[in-house]
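Data from my_file.cif: mmCIF, C-alpha atoms
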```cif
data_final
loop_
_atom_site.label_atom_id
_atom_site.label_comp_id
_atom_site.auth_asym_id
_atom_site.auth_seq_id
_atom_site.Cartn_x
_atom_site.Cartn_y
_atom_site.Cartn_z
CA MET A 1 21.39 23.61 0.66
CA ALA A 2 22.03 22.83 4.32
CA SER A 3 20.02 25.86 5.41
CA LYS A 4 16.92 24.51 3.65
CA LYS A 5 16.92 21.19 5.48
CA PRO A 6 15.32 22.42 8.75
CA VAL A 7 12.54 24.06 6.73
CA SER A 8 11.95 21.16 4.33
CA ALA A 9 11.98 18.41 6.98
CA PRO A 10 8.67 19.41 8.67
CA VAL A 11 7.05 19.79 5.23
CA GLY A 12 8.31 16.36 4.18
CA ALA A 13 7.12 14.77 7.41
CA SER A 14 3.70 16.40 7.01
CA LEU A 15 3.41 15.07 3.47
CA VAL A 16 4.24 11.51 4.57
CA VAL A 17 1.63 11.74 7.34
CA LEU A 18 -0.86 13.09 4.79
CA SER A 19 0.00 10.13 2.56
CA SER A 20 -0.67 7.70 5.42
CA LEU A 21 -4.01 9.38 6.07
CA PHE A 22 -5.13 9.01 2.46
CA TYR A 23 -3.83 5.44 2.18
CA ALA A 24 -5.85 4.55 5.28
CA SER A 25 -8.91 6.20 3.71
CA TYR A 26 -8.95 3.37 1.16
CA GLY A 27 -10.86 1.41 3.78
CA ILE A 28 -13.50 4.13 4.07
CA TRP A 29 -14.23 4.27 0.34
CA THR A 30 -14.28 0.49 0.10
CA LYS A 31 -16.82 0.19 2.91
CA LEU A 32 -18.97 2.96 1.42
CA MET A 33 -18.97 1.35 -2.04
CA GLY A 34 -19.82 -1.99 -0.47
CA ASN A 35 -21.13 -4.62 -2.86
CA PHE A 36 -22.19 -2.13 -5.54
CA PHE A 37 -18.84 -2.87 -7.15
CA GLN A 38 -17.08 -6.16 -6.71
CA GLY A 39 -13.43 -6.07 -5.72
CA TYR A 40 -11.63 -6.43 -9.02
CA THR A 41 -14.14 -4.30 -10.92
CA ALA A 42 -13.77 -1.48 -8.40
CA SER A 43 -9.98 -1.67 -8.59
CA ALA A 44 -9.94 -1.74 -12.39
CA LEU A 45 -12.19 1.31 -12.66
CA ARG A 46 -10.24 3.16 -9.96
CA SER A 47 -6.97 2.44 -11.79
CA VAL A 48 -8.46 3.81 -15.02
CA LEU A 49 -9.50 7.02 -13.24
CA VAL A 50 -6.04 7.37 -11.66
CA LEU A 51 -4.40 7.02 -15.09
CA LEU A 52 -6.76 9.63 -16.53
CA ILE A 53 -5.55 12.01 -13.81
CA LEU A 54 -1.85 11.15 -14.01
CA LEU A 55 -1.30 10.93 -17.77
CA PRO A 56 -2.16 14.57 -18.64
CA ILE A 57 0.08 15.76 -15.80
CA ALA A 58 2.95 13.54 -16.98
CA ILE A 59 2.53 14.73 -20.57
CA PHE A 60 2.40 18.38 -19.53
CA TYR A 61 5.62 18.10 -17.52
CA ARG A 62 7.23 15.84 -20.16
CA HIS A 63 7.91 13.04 -17.70
CA LEU A 64 6.99 10.24 -20.09
CA GLU A 65 9.79 8.22 -21.62
CA PRO A 66 10.11 5.19 -23.95
CA ILE A 67 8.67 1.95 -22.59
CA LYS A 68 11.94 0.03 -23.15
CA LEU A 69 10.27 -3.39 -23.18
CA ARG A 70 13.53 -5.28 -23.74
CA GLN A 71 14.89 -3.98 -20.42
CA ASN A 72 11.68 -3.86 -18.41
CA TRP A 73 9.34 -6.60 -19.64
CA ARG A 74 10.19 -8.93 -16.73
CA TYR A 75 9.28 -6.28 -14.16
CA ILE A 76 6.13 -5.29 -16.06
CA VAL A 77 5.01 -8.93 -16.21
CA GLY A 78 5.91 -9.33 -12.52
CA MET A 79 3.81 -6.30 -11.53
CA THR A 80 0.90 -7.56 -13.63
CA VAL A 81 0.98 -11.05 -12.10
CA ALA A 82 1.30 -9.67 -8.57
CA SER A 83 -1.61 -7.27 -9.21
CA LEU A 84 -3.84 -10.27 -9.96
CA PHE A 85 -3.89 -11.07 -6.24
CA THR A 86 -3.67 -7.63 -4.66
CA TRP A 87 -6.87 -5.67 -4.63
CA GLY A 88 -9.69 -8.21 -4.92
CA PRO A 89 -8.71 -10.07 -1.72
CA LEU A 90 -8.17 -6.80 0.20
CA TYR A 91 -11.56 -5.46 -0.93
CA TYR A 92 -13.18 -8.63 0.39
CA ALA A 93 -11.19 -8.41 3.63
CA ILE A 94 -12.21 -4.82 4.36
CA LEU A 95 -15.89 -5.59 3.79
CA HIS A 96 -15.92 -8.74 5.93
CA ALA A 97 -13.21 -8.25 8.59
CA GLY A 98 -13.15 -4.47 8.99
CA VAL A 99 -10.94 -1.56 8.01
CA GLY A 100 -8.40 -1.48 10.84
CA ILE A 101 -7.67 -5.19 11.14
CA SER A 102 -7.51 -5.71 7.37
CA LEU A 103 -5.08 -2.84 6.83
CA ALA A 104 -2.89 -4.05 9.71
CA VAL A 105 -2.69 -7.58 8.30
CA ALA A 106 -2.05 -6.25 4.80
CA TYR A 107 0.70 -3.92 6.04
CA ALA A 108 2.44 -6.73 7.94
CA SER A 109 2.35 -9.03 4.93
CA ILE A 110 3.62 -6.22 2.68
CA VAL A 111 6.70 -6.03 4.91
CA LEU A 112 7.13 -9.81 4.83
CA GLY A 113 6.53 -9.91 1.07
CA SER A 114 9.04 -7.14 0.44
CA PHE A 115 11.70 -9.03 2.39
CA PHE A 116 11.00 -12.35 0.69
CA PHE A 117 10.59 -11.15 -2.91
CA GLY A 118 13.43 -8.67 -2.49
CA TRP A 119 15.66 -11.63 -1.58
CA LEU A 120 14.19 -13.87 -4.31
CA PHE A 121 14.14 -11.47 -7.26
CA GLY A 122 16.22 -8.49 -6.19
CA ARG A 123 19.16 -10.28 -4.54
CA GLU A 124 18.64 -8.19 -1.43
CA ARG A 125 20.35 -9.42 1.74
CA PHE A 126 18.16 -10.92 4.45
CA THR A 127 19.83 -9.26 7.44
CA LYS A 128 19.37 -9.90 11.17
CA ASP A 129 17.19 -6.80 11.43
CA LYS A 130 14.94 -8.07 8.65
CA ALA A 131 14.79 -11.49 10.32
CA MET A 132 13.75 -9.91 13.63
CA SER A 133 11.21 -7.73 11.84
CA ALA A 134 9.79 -10.74 9.99
CA LEU A 135 9.57 -12.80 13.19
CA LEU A 136 7.74 -10.03 15.04
CA GLY A 137 5.46 -9.56 12.04
CA VAL A 138 4.49 -13.24 12.13
CA VAL A 139 3.84 -12.98 15.88
CA GLY A 140 1.63 -9.94 15.29
CA LEU A 141 -0.32 -11.77 12.60
CA ALA A 142 -0.73 -14.79 14.87
CA LEU A 143 -2.18 -12.56 17.60
CA ILE A 144 -4.69 -11.05 15.17
CA PHE A 145 -5.70 -14.42 13.74
CA SER A 146 -5.90 -16.17 17.12
CA PRO A 147 -9.24 -14.78 18.39
CA THR A 148 -10.87 -15.23 14.96
CA THR A 149 -13.66 -17.78 15.11
CA GLY A 150 -16.02 -17.08 12.21
CA HIS A 151 -15.17 -18.64 8.86
CA PRO A 152 -15.98 -15.48 6.81
CA VAL A 153 -13.68 -13.35 8.99
CA LEU A 154 -10.87 -15.91 8.85
CA LEU A 155 -11.19 -16.09 5.06
CA ALA A 156 -11.20 -12.29 4.89
CA LEU A 157 -8.00 -12.02 6.93
CA CYS A 158 -6.37 -14.61 4.68
CA GLY A 159 -7.39 -12.39 1.78
CA ALA A 160 -5.65 -9.41 3.41
CA LEU A 161 -2.57 -11.59 3.93
CA VAL A 162 -2.46 -12.64 0.25
CA SER A 163 -3.05 -9.04 -0.82
CA GLY A 164 -0.16 -7.76 1.27
CA LEU A 165 2.27 -10.41 0.03
CA SER A 166 1.30 -9.57 -3.56
CA ALA A 167 1.72 -5.85 -2.88
CA GLY A 168 5.18 -6.59 -1.46
CA ALA A 169 6.11 -8.33 -4.70
CA THR A 170 4.76 -5.38 -6.71
CA THR A 171 6.90 -3.03 -4.62
CA VAL A 172 10.03 -5.03 -5.41
CA PHE A 173 9.30 -5.12 -9.16
CA SER A 174 8.46 -1.40 -9.34
CA LYS A 175 11.63 -0.61 -7.41
CA HIS A 176 13.85 -2.34 -10.01
CA ILE A 177 12.08 -1.16 -13.15
CA ARG A 178 14.25 1.19 -15.23
CA TYR A 179 11.92 4.19 -15.39
CA ASN A 180 11.76 7.57 -13.71
CA ALA A 181 9.36 7.93 -10.77
CA THR A 182 6.45 9.23 -12.86
CA GLN A 183 6.80 6.57 -15.54
CA SER A 184 7.10 3.84 -12.88
CA THR A 185 3.92 5.06 -11.19
CA ILE A 186 2.02 5.08 -14.48
CA ALA A 187 3.33 1.60 -15.33
CA LEU A 188 2.15 0.40 -11.92
CA TRP A 189 -1.39 1.69 -12.46
CA ALA A 190 -1.45 0.44 -16.05
CA THR A 191 -0.60 -3.10 -14.95
CA SER A 192 -3.29 -2.76 -12.29
CA VAL A 193 -5.86 -1.96 -14.98
CA ILE A 194 -4.89 -5.02 -17.02
CA ALA A 195 -4.71 -7.42 -14.08
CA ASN A 196 -7.96 -6.33 -12.46
CA PHE A 197 -9.99 -6.38 -15.67
CA VAL A 198 -8.65 -9.88 -16.36
CA MET A 199 -9.67 -11.07 -12.89
CA ALA A 200 -13.06 -9.36 -13.06
CA PHE A 201 -13.72 -11.16 -16.35
CA ALA A 202 -12.36 -14.50 -15.10
CA LEU A 203 -14.48 -14.38 -11.93
CA GLN A 204 -17.50 -13.12 -13.91
CA GLU A 205 -18.04 -10.16 -11.62
CA HIS A 206 -21.29 -8.34 -12.31
CA ARG A 207 -21.29 -5.07 -14.18
CA PRO A 208 -22.24 -2.14 -11.94
CA ALA A 209 -25.38 -0.22 -12.79
CA ILE A 210 -24.84 3.04 -14.67
CA GLY A 211 -26.58 6.06 -13.18
CA LEU A 212 -26.55 8.64 -10.42
CA TYR A 213 -25.58 6.21 -7.67
CA PRO A 214 -23.51 7.34 -4.65
CA ALA A 215 -21.05 4.47 -5.20
CA TRP A 216 -19.79 6.10 -8.41
CA LEU A 217 -18.99 9.29 -6.49
CA TYR A 218 -17.19 7.24 -3.82
CA LEU A 219 -15.16 5.60 -6.60
CA VAL A 220 -14.08 9.04 -7.87
CA PHE A 221 -13.08 10.06 -4.33
CA PHE A 222 -11.20 6.76 -4.06
CA ALA A 223 -9.22 7.55 -7.21
CA ILE A 224 -8.44 11.08 -6.02
CA ALA A 225 -7.31 9.71 -2.65
CA SER A 226 -5.03 7.28 -4.48
CA VAL A 227 -3.39 10.09 -6.44
CA VAL A 228 -2.95 12.30 -3.37
CA ALA A 229 -1.53 9.40 -1.33
CA SER A 230 0.99 8.46 -4.03
CA TRP A 231 2.05 12.03 -4.80
CA SER A 232 2.45 13.13 -1.18
CA LEU A 233 4.50 10.03 -0.36
CA VAL A 234 6.87 10.50 -3.31
CA LYS A 235 7.22 14.23 -2.59
CA GLY A 236 7.64 13.72 1.16
CA VAL A 237 10.35 11.08 0.80
CA LYS A 238 12.38 13.57 -1.26
CA LEU A 239 12.37 16.06 1.64
CA ILE A 240 13.17 13.80 4.59
CA ASP A 241 15.27 10.70 5.25
CA ALA A 242 13.80 7.43 4.00
CA GLY A 243 14.01 5.91 7.48
CA ALA A 244 11.96 8.72 9.02
CA ALA A 245 9.46 8.48 6.16
CA GLY A 246 9.07 4.75 6.77
CA ILE A 247 8.39 5.26 10.47
CA LEU A 248 5.81 7.98 9.77
CA GLY A 249 4.25 5.74 7.13
CA LEU A 250 3.28 3.31 9.89
CA LEU A 251 0.60 5.81 10.86
CA GLU A 252 -1.43 4.22 8.06
CA ILE A 253 -2.25 1.36 10.45
CA VAL A 254 -3.16 3.78 13.25
CA PHE A 255 -5.40 5.85 10.97
CA GLY A 256 -6.99 2.65 9.65
CA VAL A 257 -7.93 1.50 13.15
CA LEU A 258 -9.25 4.98 14.01
CA PHE A 259 -11.31 5.21 10.82
CA GLY A 260 -12.80 1.79 11.48
CA ALA A 261 -13.72 2.74 15.05
CA VAL A 262 -15.07 6.23 14.28
CA PHE A 263 -16.96 5.65 11.03
CA PHE A 264 -17.94 1.98 11.21
CA HIS A 265 -17.96 1.27 14.98
CA GLU A 266 -15.33 -1.45 14.72
CA ARG A 267 -14.03 -2.67 18.07
CA PRO A 268 -10.92 -4.86 17.76
CA THR A 269 -10.27 -7.24 20.65
CA VAL A 270 -7.47 -6.57 23.10
CA ILE A 271 -5.43 -9.42 21.59
CA ALA A 272 -5.93 -8.04 18.07
CA LEU A 273 -4.85 -4.57 19.22
CA LEU A 274 -1.76 -6.14 20.78
CA GLY A 275 -1.06 -7.81 17.45
CA ILE A 276 -1.34 -4.43 15.70
CA VAL A 277 1.17 -2.91 18.14
CA VAL A 278 3.57 -5.80 17.48
CA ILE A 279 3.16 -5.33 13.72
CA ILE A 280 3.93 -1.60 14.00
CA SER A 281 7.03 -2.44 16.04
CA ALA A 282 8.10 -5.09 13.53
CA ALA A 283 7.69 -2.79 10.55
CA ALA A 284 9.59 0.01 12.31
CA ILE A 285 12.78 -2.02 12.90
CA PRO A 286 14.39 -1.67 9.44
CA TYR A 287 13.39 1.98 9.20
CA LEU A 288 14.78 2.75 12.65
CA LYS A 289 18.11 1.15 11.71
CA ASP A 290 18.37 3.20 8.51
CA TYR A 291 17.30 6.38 10.27
CA ASN A 292 19.78 5.92 13.11
CA ALA A 293 22.57 5.09 10.65
CA ILE A 294 21.89 8.27 8.69
CA ARG A 295 21.68 10.36 11.85
CA GLY A 296 24.94 8.86 13.11
CA THR A 297 26.67 9.61 9.83
CA LYS A 298 25.49 13.22 9.92
CA THR A 299 26.58 13.65 13.54
CA ALA A 300 30.02 12.26 12.76
CA ALA A 301 30.31 14.59 9.78
CA VAL A 302 29.53 17.59 11.97
#
```

Starting from the file, give its structure as structure tokens.
Amino acid sequence: MASKKPVSAPVGASLVVLSSLFYASYGIWTKLMGNFFQGYTASALRSVLVLLILLPIAIFYRHLEPIKLRQNWRYIVGMTVASLFTWGPLYYAILHAGVGISLAVAYASIVLGSFFFGWLFGRERFTKDKAMSALLGVVGLALIFSPTTGHPVLLALCGALVSGLSAGATTVFSKHIRYNATQSTIALWATSVIANFVMAFALQEHRPAIGLYPAWLYLVFFAIASVVASWSLVKGVKLIDAGAAGILGLLEIVFGVLFGAVFFHERPTVIALLGIVVIISAAAIPYLKDYNAIRGTKTAAV
């Protein structure tokens, strides 16, 4: 087994980078779909398409297992409630504040949300490293929000903030659910379908026109990107240390900024770019600690 590690590590790292690339592409598909779909409707339909892709694969490989509602209903309800506030606000943020900035704010608030909800619901310790990471994350967010003057942009960034916090809560609930990885992923997308259809109905979002419209093709690409991003991340984490995977996962922010600049001519201010750098540094702290601890343990063992 030890001889396979040097070979598998580059493959695992490449898969995590690929995952970050496809996660960042969410901003591209959102911008291309524009207002043809509204946020919750787009997310509900995407989640349906993802389930249609994942379910046959799970059935073929016999990865489905009993739902076990008595053990898992709290986590399923938690994921559903958190999903109510995840995608709609981020969709709005990407359309009105831009791809790079929105993804950076969402990523920072995911980190903060994971710390807070992990402590609140998962009894996870709030260590000094997490405190430093959270403080830097808040500083990074403050830098991004500081040059914002227009009300629509400010509202959009607040949407990205709410989305990230909700995604952090979803991460905590999915982490503690008593399913295998495949079943947990399917449960996550299933709760997304329920939550987003509920919100689309509650907000009376318009029904998209049926026909040969480019937006429908973008939605399909969006769903495929979601599957590739999820699969490559899960597979990559199995081949490399979690700390290294977390650090490489930060490339999602970098790719998001690049996509916004290249495809949509977004030009973040110098202060906003500084905030993004601070956010990347903040998010890297817990991963660096875990990675260094694992590396130190391995060195001592040798």

I need the residue nearest Leu90 in chain A from this list: A:Ala42, A:Val277, A:Ala187, A:Val254. Use all atoms listed in the file for the distance.
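Among the listed residues, A:Ala42 lies closest to Leu90 in chain A.
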
Could you check which of A:Gly39, A:Pro208, A:Gly164, A:Gly27 is closest to Asn196 in chain A, using all atoms listed in the file?
A:Gly39

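The interatomic distance for the pair CA of Gly12 in chain A and CA of Ser230 in chain A works out to 13.5 Å.
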
Within 12 Å of Ser232 in chain A using only C-alpha atoms, minus same-chain residues under 6 positions, as JSON, numbers by chain
{"A": [11, 12, 13, 14, 15, 16, 17, 18, 19, 20, 21, 22, 23, 225, 226, 238, 239, 245, 249]}

Given the file shown, enumerate the residues that the PyMOL selection byres ((chain A and resi 178) around 12) captures and present them as an NGL selection string.
:A and (65-76 or 173-177 or 179-185 or 187)

Any chance you can output those residues with C-alpha atoms as a compact mmCIF listing (two decimals), keeping the file's coordinate frame?
```txt
# COMPACT_ATOMS: atom_id res chain seq x y z
CA GLU A 65 9.79 8.22 -21.62
CA PRO A 66 10.11 5.19 -23.95
CA ILE A 67 8.67 1.95 -22.59
CA LYS A 68 11.94 0.03 -23.15
CA LEU A 69 10.27 -3.39 -23.18
CA ARG A 70 13.53 -5.28 -23.74
CA GLN A 71 14.89 -3.98 -20.42
CA ASN A 72 11.68 -3.86 -18.41
CA TRP A 73 9.34 -6.60 -19.64
CA ARG A 74 10.19 -8.93 -16.73
CA TYR A 75 9.28 -6.28 -14.16
CA ILE A 76 6.13 -5.29 -16.06
CA PHE A 173 9.30 -5.12 -9.16
CA SER A 174 8.46 -1.40 -9.34
CA LYS A 175 11.63 -0.61 -7.41
CA HIS A 176 13.85 -2.34 -10.01
CA ILE A 177 12.08 -1.16 -13.15
CA TYR A 179 11.92 4.19 -15.39
CA ASN A 180 11.76 7.57 -13.71
CA ALA A 181 9.36 7.93 -10.77
CA THR A 182 6.45 9.23 -12.86
CA GLN A 183 6.80 6.57 -15.54
CA SER A 184 7.10 3.84 -12.88
CA THR A 185 3.92 5.06 -11.19
CA ALA A 187 3.33 1.60 -15.33
```

Let me make sure I understand: among A:Val139, A:Leu273, A:Leu165, A:Ala9, which one has the smallest atom-to-atom distance to Trp87 in chain A if we use only C-alpha atoms?
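With only C-alpha atoms as the atom set, the closest residue is A:Leu165.
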
Atomic distance CA of Ala282 in chain A - CA of Lys235 in chain A, expressed in Å with one decimal:
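Spanning CA of Ala282 in chain A to CA of Lys235 in chain A is a straight-line distance of 25.2 Å.
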
At a cut-off of 6 Å, using all atoms listed in the file, what residues contact Ser83 in chain A? Leave out same-chain residues fewer than 3 positions from it and give the result as a list in words.
Met79, Thr80, Thr86, Ser192 and Ala195 of chain A

Point-to-point distance from CA of Leu55 in chain A to CA of His206 in chain A, Å rounded to tenths:
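Here the two named atoms are 28.3 Å from each other.
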
Which residue gives the smallest distance to Ile110 in chain A among A:Ala97, A:Ala134, A:Leu288, A:Val227, with all atoms listed in the file counted?
A:Ala134

Pick out the closest residue to Leu155 in chain A from this set: A:Tyr218, A:Tyr92, A:Phe255, A:Phe36. Count all atoms listed in the file.
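Once distances to Leu155 in chain A are computed over all atoms listed in the file, the minimum belongs to A:Tyr92.
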
Could the centre and edge lengths of an axis-aligned box, enclosing all atoms of range 163-176 of chain A in the file with 5 Å extra on each side, be given in Å to one decimal as AutoDock Vina command-line options?
```
--center_x 5.4 --center_y -5.5 --center_z -4.4 --size_x 26.9 --size_y 19.8 --size_z 21.3
```

Given the PyMOL selection byres ((chain A and resi 115) around 8), the residues it picks as an MDAnalysis selection string:
chainID A and resid 111:114 116:119 124 126 130 168

Determine the nearest neighbour of Ala93 in chain A from the options A:Ile224, A:Cys158, A:Ala167, A:Leu135, counting all atoms listed in the file.
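Of all the options, A:Cys158 lies closest to Ala93 in chain A.
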
If you apply the PyMOL selection byres ((chain A and resi 198) around 12) to this file, what residues do you get, as a list in words?
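Applying the PyMOL selection byres ((chain A and resi 198) around 12) to the structure shown produces Tyr40, Thr41, Ser43, Ala44, Thr80, Val81, Ser83, Leu84, Phe85, Gly88, Thr191, Ser192, Val193, Ile194, Ala195, Asn196, Phe197, Met199, Ala200, Phe201, Ala202, Leu203, Gln204 and Glu205 of chain A.
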
Mind checking which residues fall within 9 Å of Met33 in chain A, counting all atoms listed in the file, ignoring those fewer than 4 positions away in the same chain, and posting them as a list in words?
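Listing them by chain and then by number gives Ile28, Trp29, Phe37, Ala42, Pro214, Ala215, Trp216, Tyr218 and Leu219 of chain A.
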
Using only C-alpha atoms, which protein or nucleic acid residues come within 8 Å of Leu250 in chain A? Drop anything in the same chain fewer than 5 positions from it, and give the result as a CSV table (one decimal) with C-alpha atoms, keeping the file's coordinate frame.
```csv
chain,number,residue,atom,x,y,z
A,20,SER,CA,-0.7,7.7,5.4
A,280,ILE,CA,3.9,-1.6,14.0
A,283,ALA,CA,7.7,-2.8,10.6
A,284,ALA,CA,9.6,0.0,12.3
```

Please, could N, CA and C atoms be added to range 126-154 of chain A and the result written as a PDB file, keeping the file's coordinate frame?
```pdb
ATOM      1  N   PHE A 126      19.117 -10.718   3.353  1.00  0.00           N
ATOM      2  CA  PHE A 126      18.160 -10.920   4.450  1.00  0.00           C
ATOM      3  C   PHE A 126      18.946 -10.795   5.759  1.00  0.00           C
ATOM      4  N   THR A 127      18.996  -9.573   6.284  1.00  0.00           N
ATOM      5  CA  THR A 127      19.830  -9.260   7.440  1.00  0.00           C
ATOM      6  C   THR A 127      19.155  -9.698   8.748  1.00  0.00           C
ATOM      7  N   LYS A 128      19.915  -9.575   9.844  1.00  0.00           N
ATOM      8  CA  LYS A 128      19.370  -9.900  11.170  1.00  0.00           C
ATOM      9  C   LYS A 128      18.195  -9.003  11.524  1.00  0.00           C
ATOM     10  N   ASP A 129      18.288  -7.730  11.147  1.00  0.00           N
ATOM     11  CA  ASP A 129      17.190  -6.800  11.430  1.00  0.00           C
ATOM     12  C   ASP A 129      15.929  -7.205  10.674  1.00  0.00           C
ATOM     13  N   LYS A 130      16.098  -7.618   9.418  1.00  0.00           N
ATOM     14  CA  LYS A 130      14.940  -8.070   8.650  1.00  0.00           C
ATOM     15  C   LYS A 130      14.368  -9.352   9.241  1.00  0.00           C
ATOM     16  N   ALA A 131      15.255 -10.240   9.712  1.00  0.00           N
ATOM     17  CA  ALA A 131      14.790 -11.490  10.320  1.00  0.00           C
ATOM     18  C   ALA A 131      13.982 -11.205  11.586  1.00  0.00           C
ATOM     19  N   MET A 132      14.476 -10.274  12.418  1.00  0.00           N
ATOM     20  CA  MET A 132      13.750  -9.910  13.630  1.00  0.00           C
ATOM     21  C   MET A 132      12.413  -9.262  13.291  1.00  0.00           C
ATOM     22  N   SER A 133      12.426  -8.386  12.284  1.00  0.00           N
ATOM     23  CA  SER A 133      11.210  -7.730  11.840  1.00  0.00           C
ATOM     24  C   SER A 133      10.195  -8.755  11.332  1.00  0.00           C
ATOM     25  N   ALA A 134      10.672  -9.715  10.531  1.00  0.00           N
ATOM     26  CA  ALA A 134       9.790 -10.740   9.990  1.00  0.00           C
ATOM     27  C   ALA A 134       9.201 -11.605  11.098  1.00  0.00           C
ATOM     28  N   LEU A 135      10.038 -11.967  12.081  1.00  0.00           N
ATOM     29  CA  LEU A 135       9.570 -12.800  13.190  1.00  0.00           C
ATOM     30  C   LEU A 135       8.484 -12.073  13.993  1.00  0.00           C
ATOM     31  N   LEU A 136       8.739 -10.809  14.310  1.00  0.00           N
ATOM     32  CA  LEU A 136       7.740 -10.030  15.040  1.00  0.00           C
ATOM     33  C   LEU A 136       6.463  -9.864  14.212  1.00  0.00           C
ATOM     34  N   GLY A 137       6.623  -9.691  12.904  1.00  0.00           N
ATOM     35  CA  GLY A 137       5.460  -9.560  12.040  1.00  0.00           C
ATOM     36  C   GLY A 137       4.587 -10.811  12.072  1.00  0.00           C
ATOM     37  N   VAL A 138       5.226 -11.975  12.055  1.00  0.00           N
ATOM     38  CA  VAL A 138       4.490 -13.240  12.130  1.00  0.00           C
ATOM     39  C   VAL A 138       3.782 -13.362  13.475  1.00  0.00           C
ATOM     40  N   VAL A 139       4.463 -12.952  14.546  1.00  0.00           N
ATOM     41  CA  VAL A 139       3.840 -12.980  15.880  1.00  0.00           C
ATOM     42  C   VAL A 139       2.620 -12.078  15.909  1.00  0.00           C
ATOM     43  N   GLY A 140       2.758 -10.869  15.346  1.00  0.00           N
ATOM     44  CA  GLY A 140       1.630  -9.940  15.290  1.00  0.00           C
ATOM     45  C   GLY A 140       0.460 -10.514  14.518  1.00  0.00           C
ATOM     46  N   LEU A 141       0.743 -11.144  13.385  1.00  0.00           N
ATOM     47  CA  LEU A 141      -0.320 -11.770  12.600  1.00  0.00           C
ATOM     48  C   LEU A 141      -0.981 -12.901  13.366  1.00  0.00           C
ATOM     49  N   ALA A 142      -0.184 -13.680  14.077  1.00  0.00           N
ATOM     50  CA  ALA A 142      -0.730 -14.790  14.870  1.00  0.00           C
ATOM     51  C   ALA A 142      -1.680 -14.267  15.941  1.00  0.00           C
ATOM     52  N   LEU A 143      -1.312 -13.154  16.577  1.00  0.00           N
ATOM     53  CA  LEU A 143      -2.180 -12.560  17.600  1.00  0.00           C
ATOM     54  C   LEU A 143      -3.504 -12.094  17.006  1.00  0.00           C
ATOM     55  N   ILE A 144      -3.455 -11.526  15.812  1.00  0.00           N
ATOM     56  CA  ILE A 144      -4.690 -11.050  15.170  1.00  0.00           C
ATOM     57  C   ILE A 144      -5.559 -12.228  14.745  1.00  0.00           C
ATOM     58  N   PHE A 145      -4.931 -13.279  14.210  1.00  0.00           N
ATOM     59  CA  PHE A 145      -5.700 -14.420  13.740  1.00  0.00           C
ATOM     60  C   PHE A 145      -6.239 -15.274  14.897  1.00  0.00           C
ATOM     61  N   SER A 146      -5.564 -15.247  16.043  1.00  0.00           N
ATOM     62  CA  SER A 146      -5.900 -16.170  17.120  1.00  0.00           C
ATOM     63  C   SER A 146      -7.325 -16.061  17.657  1.00  0.00           C
ATOM     64  N   PRO A 147      -7.877 -14.836  17.871  1.00  0.00           N
ATOM     65  CA  PRO A 147      -9.240 -14.780  18.390  1.00  0.00           C
ATOM     66  C   PRO A 147     -10.306 -14.946  17.319  1.00  0.00           C
ATOM     67  N   THR A 148      -9.913 -15.138  16.059  1.00  0.00           N
ATOM     68  CA  THR A 148     -10.870 -15.230  14.960  1.00  0.00           C
ATOM     69  C   THR A 148     -11.567 -16.579  14.994  1.00  0.00           C
ATOM     70  N   THR A 149     -12.900 -16.539  15.036  1.00  0.00           N
ATOM     71  CA  THR A 149     -13.660 -17.780  15.110  1.00  0.00           C
ATOM     72  C   THR A 149     -14.540 -18.000  13.874  1.00  0.00           C
ATOM     73  N   GLY A 150     -15.115 -16.938  13.344  1.00  0.00           N
ATOM     74  CA  GLY A 150     -16.020 -17.080  12.210  1.00  0.00           C
ATOM     75  C   GLY A 150     -15.271 -17.365  10.920  1.00  0.00           C
ATOM     76  N   HIS A 151     -15.817 -18.284  10.125  1.00  0.00           N
ATOM     77  CA  HIS A 151     -15.170 -18.640   8.860  1.00  0.00           C
ATOM     78  C   HIS A 151     -15.055 -17.460   7.907  1.00  0.00           C
ATOM     79  N   PRO A 152     -16.113 -16.622   7.726  1.00  0.00           N
ATOM     80  CA  PRO A 152     -15.980 -15.480   6.810  1.00  0.00           C
ATOM     81  C   PRO A 152     -14.866 -14.516   7.213  1.00  0.00           C
ATOM     82  N   VAL A 153     -14.712 -14.270   8.524  1.00  0.00           N
ATOM     83  CA  VAL A 153     -13.680 -13.350   8.990  1.00  0.00           C
ATOM     84  C   VAL A 153     -12.295 -13.948   8.767  1.00  0.00           C
ATOM     85  N   LEU A 154     -12.150 -15.240   9.060  1.00  0.00           N
ATOM     86  CA  LEU A 154     -10.870 -15.910   8.850  1.00  0.00           C
ATOM     87  C   LEU A 154     -10.484 -15.873   7.372  1.00  0.00           C
TER      88      LEU A 154
END
```
